[in-house]
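Data block below; observations after.
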Amino acid sequence: MENVKIKKIPVNDRPRERLVNFGPKSLSNEELLSIVLNSGTKGSSVKNLASIILSKTRGINNLSILTYHDLIGIKGVGNVKACIILSLIELSVRMNRTIDTFNRVKLNDPKKVFEFYKSRISKYQEQVYCIYLDAKKCVIKDKLLFIGTVNHSLVHPRDIFKEAYSLNAAFIVCVHNHPSGDVSPSKDDDNVTNRLKDVGNLMGIKLLDHVIVSETKYYSFLENGRI
């Protein structure tokens, strides 16, 4: 197990710098945990410490089995680091519980969409989600489909409706954010909505709504009589 100090790693290859430049998805489990731990010990780098912790559970999926006493028994993990890790695990459990609850909700109000996504969306770049619903308009699943500017060429119906067919969905709701905070639909938003509506009508999977959200407000094409 290589024990390389963070200071000896080129700046652009360090976990925090890579997270800022390329997003958290570009980091390994070890790198993400090393950011959470913040520092190593005199004899062990933070990346090495993260590797040791993950090796105790044979991967990230079993991290939650570690108790406080398990963690402080690892050399280099004291009270503070153990509490940080356990807090992170509990937050993850609560977030997943919220998502599981959402996946049983009946979506009959765009405000429900806004309330769920306002805290999940990025503040810095546009994200496009699709919510898949059954015949009773209950949520089956939601999926992040695109990251970047929403436009006619980027949002391809093939990607959206392929997932809809695999889930046997009857309706879809598209959601994306405007980091600027202005939720007024752009021309591209109009084009995307019309395209998805037309394709959905042909395929028998109706576009129920397209909701544009920010942290404080939303715009619903359905509420405004545009679907």
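By convention in this document, the chains of the structure tokens carry letters A, B, ... by their order, each chain's residues are numbered from 1, and ligands are numbered from 1 in the order they are shown.
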
- prompt: Can you list every residue in range 61-224 of chain A that DSSP puts in strand (DSSP E or B), as a PyMOL selection string?
  reply: chain A and resi 106+127-133+138-147+171-177+206-213+218-220

Output for the residues just chosen: C-alpha atoms as an mmCIF file, in the first residue's frame:
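Produced file part_5.cif, reproduced below:
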```cif
data_model
loop_
_atom_site.group_PDB
_atom_site.id
_atom_site.type_symbol
_atom_site.label_atom_id
_atom_site.label_comp_id
_atom_site.auth_asym_id
_atom_site.auth_seq_id
_atom_site.Cartn_x
_atom_site.Cartn_y
_atom_site.Cartn_z
ATOM 1 C CA LYS A 106 -47.804 10.354 -6.348
ATOM 2 C CA GLN A 127 -28.537 19.293 -14.629
ATOM 3 C CA VAL A 128 -31.350 17.388 -16.300
ATOM 4 C CA TYR A 129 -33.331 14.773 -14.410
ATOM 5 C CA CYS A 130 -36.146 12.609 -15.678
ATOM 6 C CA ILE A 131 -38.779 11.230 -13.318
ATOM 7 C CA TYR A 132 -40.507 8.050 -14.478
ATOM 8 C CA LEU A 133 -44.069 7.402 -13.294
ATOM 9 C CA CYS A 138 -46.591 7.366 -8.746
ATOM 10 C CA VAL A 139 -42.822 7.715 -9.030
ATOM 11 C CA ILE A 140 -40.966 4.591 -10.179
ATOM 12 C CA LYS A 141 -37.529 6.121 -10.418
ATOM 13 C CA ASP A 142 -35.678 9.342 -11.134
ATOM 14 C CA LYS A 143 -32.434 9.559 -13.059
ATOM 15 C CA LEU A 144 -29.802 12.213 -13.709
ATOM 16 C CA LEU A 145 -29.439 12.168 -17.492
ATOM 17 C CA PHE A 146 -27.366 15.178 -18.476
ATOM 18 C CA ILE A 147 -25.018 17.747 -16.998
ATOM 19 C CA PHE A 171 -45.588 9.208 -17.800
ATOM 20 C CA ILE A 172 -42.380 11.212 -17.488
ATOM 21 C CA VAL A 173 -41.569 14.519 -15.846
ATOM 22 C CA CYS A 174 -38.425 16.363 -16.892
ATOM 23 C CA VAL A 175 -36.647 18.572 -14.379
ATOM 24 C CA HIS A 176 -33.699 20.871 -14.866
ATOM 25 C CA ASN A 177 -32.205 23.817 -13.064
ATOM 26 C CA LYS A 206 -46.811 11.162 -22.045
ATOM 27 C CA LEU A 207 -44.675 14.087 -20.941
ATOM 28 C CA LEU A 208 -46.602 15.120 -17.835
ATOM 29 C CA ASP A 209 -44.564 18.231 -17.040
ATOM 30 C CA HIS A 210 -41.249 19.997 -17.493
ATOM 31 C CA VAL A 211 -40.195 21.809 -14.328
ATOM 32 C CA ILE A 212 -37.386 24.357 -14.179
ATOM 33 C CA VAL A 213 -36.066 24.875 -10.666
ATOM 34 C CA TYR A 218 -39.770 26.987 -10.022
ATOM 35 C CA TYR A 219 -41.522 27.184 -13.376
ATOM 36 C CA SER A 220 -43.936 24.463 -14.468
#
```

Selection: 9 Å around Val36 in chain A, only C-alpha atoms, excl. self and same-chain fewer than 3 positions, as an MDAnalysis selection string: chainID A and resid 31:33 39 81 84:85 88

Put those residues in a file: C-alpha atoms, as a CSV table (one decimal), in the first residue's frame.
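The resulting selection_0.csv:
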```csv
chain,number,residue,atom,x,y,z
A,31,GLU,CA,-9.8,10.1,-2.6
A,32,LEU,CA,-13.3,11.1,-1.5
A,33,LEU,CA,-12.7,9.6,2.0
A,39,SER,CA,-5.4,14.9,7.3
A,81,LYS,CA,-12.2,11.4,12.6
A,84,ILE,CA,-16.9,12.7,11.2
A,85,ILE,CA,-17.0,9.3,9.4
A,88,LEU,CA,-21.2,11.1,7.1
```

- prompt: In terms of the shortest atom-to-atom distance over only C-alpha atoms, which of A:Lys56, A:Lys137, A:His178, A:Lys217 is closest to Lys123 in chain A?
  reply: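 Of all the options, A:His178 lies closest to Lys123 in chain A.
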
- prompt: Which of these residues is nearest to Asn29 in chain A, using only C-alpha atoms: A:Gln125, A:Ile227, A:Leu54, A:Phe114?
  reply: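 Between A:Gln125, A:Ile227, A:Leu54, A:Phe114, the residue approaching Asn29 in chain A most closely is A:Leu54.
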
message: Need the shell around Leu63 in chain A: protein/DNA/RNA residues with any atom at most 12 Å away, counting only C-alpha atoms. Skip same-chain ones fewer than 3 positions apart. Format as a PyMOL selection string?
response: chain A and resi 29-30+33+50-60+66-68+70-71+82+85-86+88-90+92-93

task: Would you please work out which residue, of A:Leu19, A:Ile121, A:Leu91, A:Ile72, is nearest to Gly181 in chain A when using only C-alpha atoms?
output: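 Closest candidate: A:Ile121.
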
query: From the list A:Phe221, A:Asn48, A:Val77, A:Ala169, which residue is nearest Ser186 in chain A when using only C-alpha atoms?
result: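 Counting only C-alpha atoms, the residue closest to Ser186 in chain A is A:Phe221.
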
- request: Measuring atom to atom with only C-alpha atoms, identify which of A:Lys112, A:Gly76, A:Asp189, A:Ala135 is nearest to Ser45 in chain A.
  value: A:Gly76

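Note that the spacing between CA of Ala170 in chain A and CA of Asp134 in chain A amounts to 5.1 Å.
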
field: Pick from A:Lys136, A:Pro179, A:Ser166, A:Ile160, whichever lies nearest to Arg195 in chain A using only C-alpha atoms
entry: A:Ile160

message: As an exercise, work out the distance from CA of Glu126 in chain A to CA of Val192 in chain A in Å and give it to one decimal place.
response: 14.3 Å
